[in-house]
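Here is the structure we will look at, set down as structure tokens.
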Amino acid sequence: MRGTPKDISLRRRLICDLMRASMDVPFVSLSRPLQIRPLLEARAGAMAPAGWAAMFVKAFALVAKDEPILRTVYAKWPWPALYELPKSVALIAIARVEDGEECVMPQRIAAPEALPLGEIDAQIRHAKSAPIEDVPMFRKIMRATRLPLPLRRLSWAVGLNFGRQRGNWFGSFAVSSVAAYGGGELHAITPGPFIVSYGAVEPDQTIHVVIRWDHRVTDAAPIARVLTRLEQVLNTEIATELRAARQAAEPKPIRAVRT
């Protein structure tokens with residue numbers, strides 16, 4: 001059968017490199033539906049609520065603030081060790097269309113636990129619509145992807161195997177979802193160490209969440225506790241911030257002044 005050979009685009013080359021970097025990571029996953037009724041009630045009253053990706057990014061980072069294991073990566077150089085980062089760094093999978101080709105690009109957000117929810121959401125929306133040259137993380141990863149194969153492999157090796165660079169290049173956790181395209185249980189693959197994915201909101205006001213993690217870093221029991229804590233944070237801190245933003249946006253009543 002005669003087919004048509006096609007060149008691998010830069011965007012697809014990035015995914016090839018990413019999958020190669022993820023091959024040796026011993027991933028384990030845990031999934032659970034989270035009951036998020038208070039969050040949904042808070043979000044329903046907002047005129048322009050933050051997106052789900054922004055809410056999960058901040059919620060996971062808030063949990064990681066009190067759980068150092070969620071800020072820990074596995075590094076091979078100069079010898080195998082665990083490396084604890086001082087703050088969370090999120091990588092969000094951004095779906096885009098470039099030159100007619102659907103692709104995914106990673107947007108980096110440092111210390112999301114300290115950022116307003118609206119700012120996290122704005123950074124994600126900017127990454128979805130701005131030209132690649134206007135997003136610093138996109139420029140950085142595309143520069144590396146344009147390198148010849150030996151130099152590209154070297155740059156990935158440095159980014160993957162030194163603890164400090166691991167945080168700069170790949171973050172401490174990633175967030176990915178296909179909920180906007182109809183949902184489904186996504187088991188994404190990245191170099192790790194933690195990947196959070198979520199589905200569509202169900203009629204019973206639950207949302208299905210999957211956490212995949214590098215088994216070299218931690219075990220299942222701590223992740224089970226993280227899912228419980230994540231549900232709490234979504235329904236308390238994140239819901240409270242949504243209500244506060246709604247109240248700030250509401251027009252203030254005008255009081256008549258007697259003259």
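Each chain in the structure tokens gets a letter, A, B and so on, in the order shown; residues start at 1 in every chain, and ligands are counted from 1 in the order they appear.
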Every residue of stretch 44-245 of chain A that DSSP places in strand (DSSP E or B), as a PyMOL selection string: chain A and resi 72-75+81-84+89-98+101-110+173-177+194-201+206-214
Near-stretch 65-70 of chain A list (8 Å; only C-alpha atoms; drop same-chain fewer than 3 positions) as a list of chain:residue names: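 Listed by chain and then number, they are A:Ala61, A:Leu62, A:Glu84, A:Lys87, A:Ser88, A:Glu113, A:Ser172, A:Phe173, A:Phe194, A:Val217, A:Thr218.
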Per-residue DSSP, stretch 93-162 of chain A, filtered to alpha helix (DSSP H), as a VMD selection string: chain A and resid 117 to 129 136 to 145 149 to 161
Produce a file of the selected residues containing N, CA and C atoms, as a compact mmCIF listing (two decimals), in the first residue's frame.
```txt
# COMPACT_ATOMS: atom_id res chain seq x y z
N LEU A 117 -6.63 33.69 41.93
CA LEU A 117 -7.20 32.76 40.98
C LEU A 117 -7.39 33.40 39.61
N GLY A 118 -7.80 34.66 39.60
CA GLY A 118 -7.99 35.37 38.33
C GLY A 118 -6.71 35.51 37.53
N GLU A 119 -5.58 35.69 38.21
CA GLU A 119 -4.31 35.82 37.50
C GLU A 119 -3.88 34.49 36.89
N ILE A 120 -4.08 33.39 37.61
CA ILE A 120 -3.78 32.07 37.05
C ILE A 120 -4.63 31.82 35.82
N ASP A 121 -5.91 32.13 35.91
CA ASP A 121 -6.82 31.94 34.79
C ASP A 121 -6.41 32.80 33.60
N ALA A 122 -5.98 34.04 33.87
CA ALA A 122 -5.56 34.94 32.79
C ALA A 122 -4.33 34.40 32.07
N GLN A 123 -3.38 33.83 32.83
CA GLN A 123 -2.19 33.26 32.21
C GLN A 123 -2.54 32.07 31.32
N ILE A 124 -3.48 31.26 31.77
CA ILE A 124 -3.89 30.10 30.97
C ILE A 124 -4.60 30.56 29.70
N ARG A 125 -5.50 31.53 29.82
CA ARG A 125 -6.23 32.03 28.65
C ARG A 125 -5.27 32.71 27.67
N HIS A 126 -4.29 33.43 28.19
CA HIS A 126 -3.29 34.06 27.32
C HIS A 126 -2.53 33.00 26.53
N ALA A 127 -2.17 31.90 27.20
CA ALA A 127 -1.43 30.83 26.53
C ALA A 127 -2.27 30.15 25.45
N LYS A 128 -3.59 30.17 25.60
CA LYS A 128 -4.46 29.54 24.60
C LYS A 128 -4.58 30.36 23.33
N SER A 129 -4.48 31.69 23.46
CA SER A 129 -4.81 32.54 22.31
C SER A 129 -3.65 33.37 21.78
N PRO A 136 6.42 33.10 27.12
CA PRO A 136 7.82 32.75 27.42
C PRO A 136 8.09 31.25 27.45
N MET A 137 7.20 30.47 28.06
CA MET A 137 7.44 29.03 28.14
C MET A 137 7.40 28.39 26.77
N PHE A 138 6.50 28.86 25.91
CA PHE A 138 6.43 28.31 24.55
C PHE A 138 7.71 28.63 23.78
N ARG A 139 8.21 29.86 23.90
CA ARG A 139 9.46 30.22 23.21
C ARG A 139 10.61 29.34 23.68
N LYS A 140 10.68 29.12 24.98
CA LYS A 140 11.76 28.32 25.55
C LYS A 140 11.73 26.89 25.04
N ILE A 141 10.56 26.27 25.07
CA ILE A 141 10.47 24.86 24.67
C ILE A 141 10.64 24.71 23.16
N MET A 142 10.22 25.70 22.38
CA MET A 142 10.40 25.63 20.94
C MET A 142 11.86 25.81 20.54
N ARG A 143 12.59 26.65 21.28
CA ARG A 143 14.03 26.78 21.02
C ARG A 143 14.73 25.45 21.20
N ALA A 144 14.39 24.75 22.27
CA ALA A 144 15.00 23.44 22.51
C ALA A 144 14.59 22.42 21.45
N THR A 145 13.34 22.51 21.00
CA THR A 145 12.84 21.55 20.02
C THR A 145 13.47 21.76 18.64
N LEU A 149 19.26 16.80 16.92
CA LEU A 149 18.92 15.71 17.82
C LEU A 149 19.91 15.53 18.98
N PRO A 150 21.25 15.49 18.74
CA PRO A 150 22.16 15.29 19.88
C PRO A 150 22.06 16.40 20.93
N LEU A 151 21.97 17.65 20.48
CA LEU A 151 21.85 18.75 21.43
C LEU A 151 20.50 18.74 22.12
N ARG A 152 19.47 18.34 21.39
CA ARG A 152 18.13 18.26 21.99
C ARG A 152 18.11 17.21 23.09
N ARG A 153 18.71 16.07 22.83
CA ARG A 153 18.76 15.01 23.84
C ARG A 153 19.55 15.48 25.07
N LEU A 154 20.63 16.24 24.83
CA LEU A 154 21.42 16.74 25.95
C LEU A 154 20.62 17.74 26.78
N SER A 155 19.92 18.64 26.12
CA SER A 155 19.14 19.64 26.87
C SER A 155 18.04 18.97 27.69
N TRP A 156 17.40 17.95 27.13
CA TRP A 156 16.37 17.23 27.88
C TRP A 156 17.00 16.47 29.06
N ALA A 157 18.17 15.90 28.84
CA ALA A 157 18.83 15.16 29.91
C ALA A 157 19.17 16.08 31.09
N VAL A 158 19.66 17.28 30.78
CA VAL A 158 19.97 18.25 31.85
C VAL A 158 18.69 18.66 32.58
N GLY A 159 17.63 18.96 31.81
CA GLY A 159 16.38 19.37 32.43
C GLY A 159 15.74 18.28 33.26
N LEU A 160 15.93 17.03 32.87
CA LEU A 160 15.28 15.92 33.57
C LEU A 160 16.03 15.45 34.81
N ASN A 161 17.35 15.52 34.79
CA ASN A 161 18.14 14.78 35.76
C ASN A 161 18.76 15.59 36.87
```
Option closest in space to A:Thr206, from A:Ser29, A:Gln247, A:Gln35, A:Thr72 [counting only C-alpha atoms]: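 Result for the nearest residue to A:Thr206: A:Gln35.
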Give one line per residue of stretch 56-173 of chain A that approaches stretch 222-240 of chain A to at most 8 Å, naming the two atoms of the closest pair and their distance in Å to one decimal, counting only C-alpha atoms; sort by chain then ascending residue number and deliver it as a tab-separated table.
```
residue	atom	partner	partner_atom	distance
A:Phe56	CA	A:Leu234	CA	7.7
A:Lys58	CA	A:Ile238	CA	7.9
A:Ala59	CA	A:Val233	CA	5.9
A:Phe60	CA	A:Leu230	CA	6.4
A:Leu62	CA	A:Val233	CA	7.6
A:Val63	CA	A:Leu230	CA	6.5
```
Export of prior selection with N, CA and C atoms as a PDB file, in the first residue's frame:
```pdb
ATOM      1  N   PHE A  56      -8.049  23.907  39.587  1.00  0.00           N
ATOM      2  CA  PHE A  56      -7.303  22.721  39.998  1.00  0.00           C
ATOM      3  C   PHE A  56      -5.831  23.039  40.210  1.00  0.00           C
ATOM      4  N   LYS A  58      -4.523  25.898  41.326  1.00  0.00           N
ATOM      5  CA  LYS A  58      -4.339  26.547  42.629  1.00  0.00           C
ATOM      6  C   LYS A  58      -4.663  25.604  43.777  1.00  0.00           C
ATOM      7  N   ALA A  59      -5.719  24.802  43.632  1.00  0.00           N
ATOM      8  CA  ALA A  59      -6.089  23.884  44.706  1.00  0.00           C
ATOM      9  C   ALA A  59      -4.973  22.884  44.994  1.00  0.00           C
ATOM     10  N   PHE A  60      -4.397  22.296  43.939  1.00  0.00           N
ATOM     11  CA  PHE A  60      -3.322  21.325  44.152  1.00  0.00           C
ATOM     12  C   PHE A  60      -2.098  22.003  44.769  1.00  0.00           C
ATOM     13  N   LEU A  62      -2.111  24.612  46.726  1.00  0.00           N
ATOM     14  CA  LEU A  62      -2.405  24.875  48.135  1.00  0.00           C
ATOM     15  C   LEU A  62      -2.227  23.615  48.972  1.00  0.00           C
ATOM     16  N   VAL A  63      -2.645  22.466  48.442  1.00  0.00           N
ATOM     17  CA  VAL A  63      -2.415  21.210  49.153  1.00  0.00           C
ATOM     18  C   VAL A  63      -0.914  20.946  49.272  1.00  0.00           C
TER      19      VAL A  63
END
```
Residue nearest A:Leu18 - candidates A:Val89, A:Ala179, A:Val209, A:Ala188, atoms counted: only C-alpha atoms: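 Nearest candidate to A:Leu18 out of A:Val89, A:Ala179, A:Val209, A:Ala188: A:Ala188.
Residues with any atom within 10 Å of A:Arg20, counting only C-alpha atoms and excluding same-chain neighbours fewer than 3 positions away, are Leu14, Ile15, Cys16, Asp17, Met23, Asp24, Arg153, Trp156, Thr190 and Pro191 of chain A.
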Pick from A:Pro116, A:Asp99, A:Arg2, A:Gly51 nearest to A:Ala180, counting only C-alpha atoms: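 Checking each candidate against A:Ala180, we get A:Gly51 as the closest.
Proximity to A:Cys103 was assessed for A:His215, A:Val201, A:Tyr74, A:Ser9 counting only C-alpha atoms; the smallest distance is recorded for A:Ser9.
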Using only C-alpha atoms: which of A:Trp52, A:Leu39, A:Leu147, A:Phe162 has the shortest distance to A:Tyr83: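 Closest candidate: A:Phe162.
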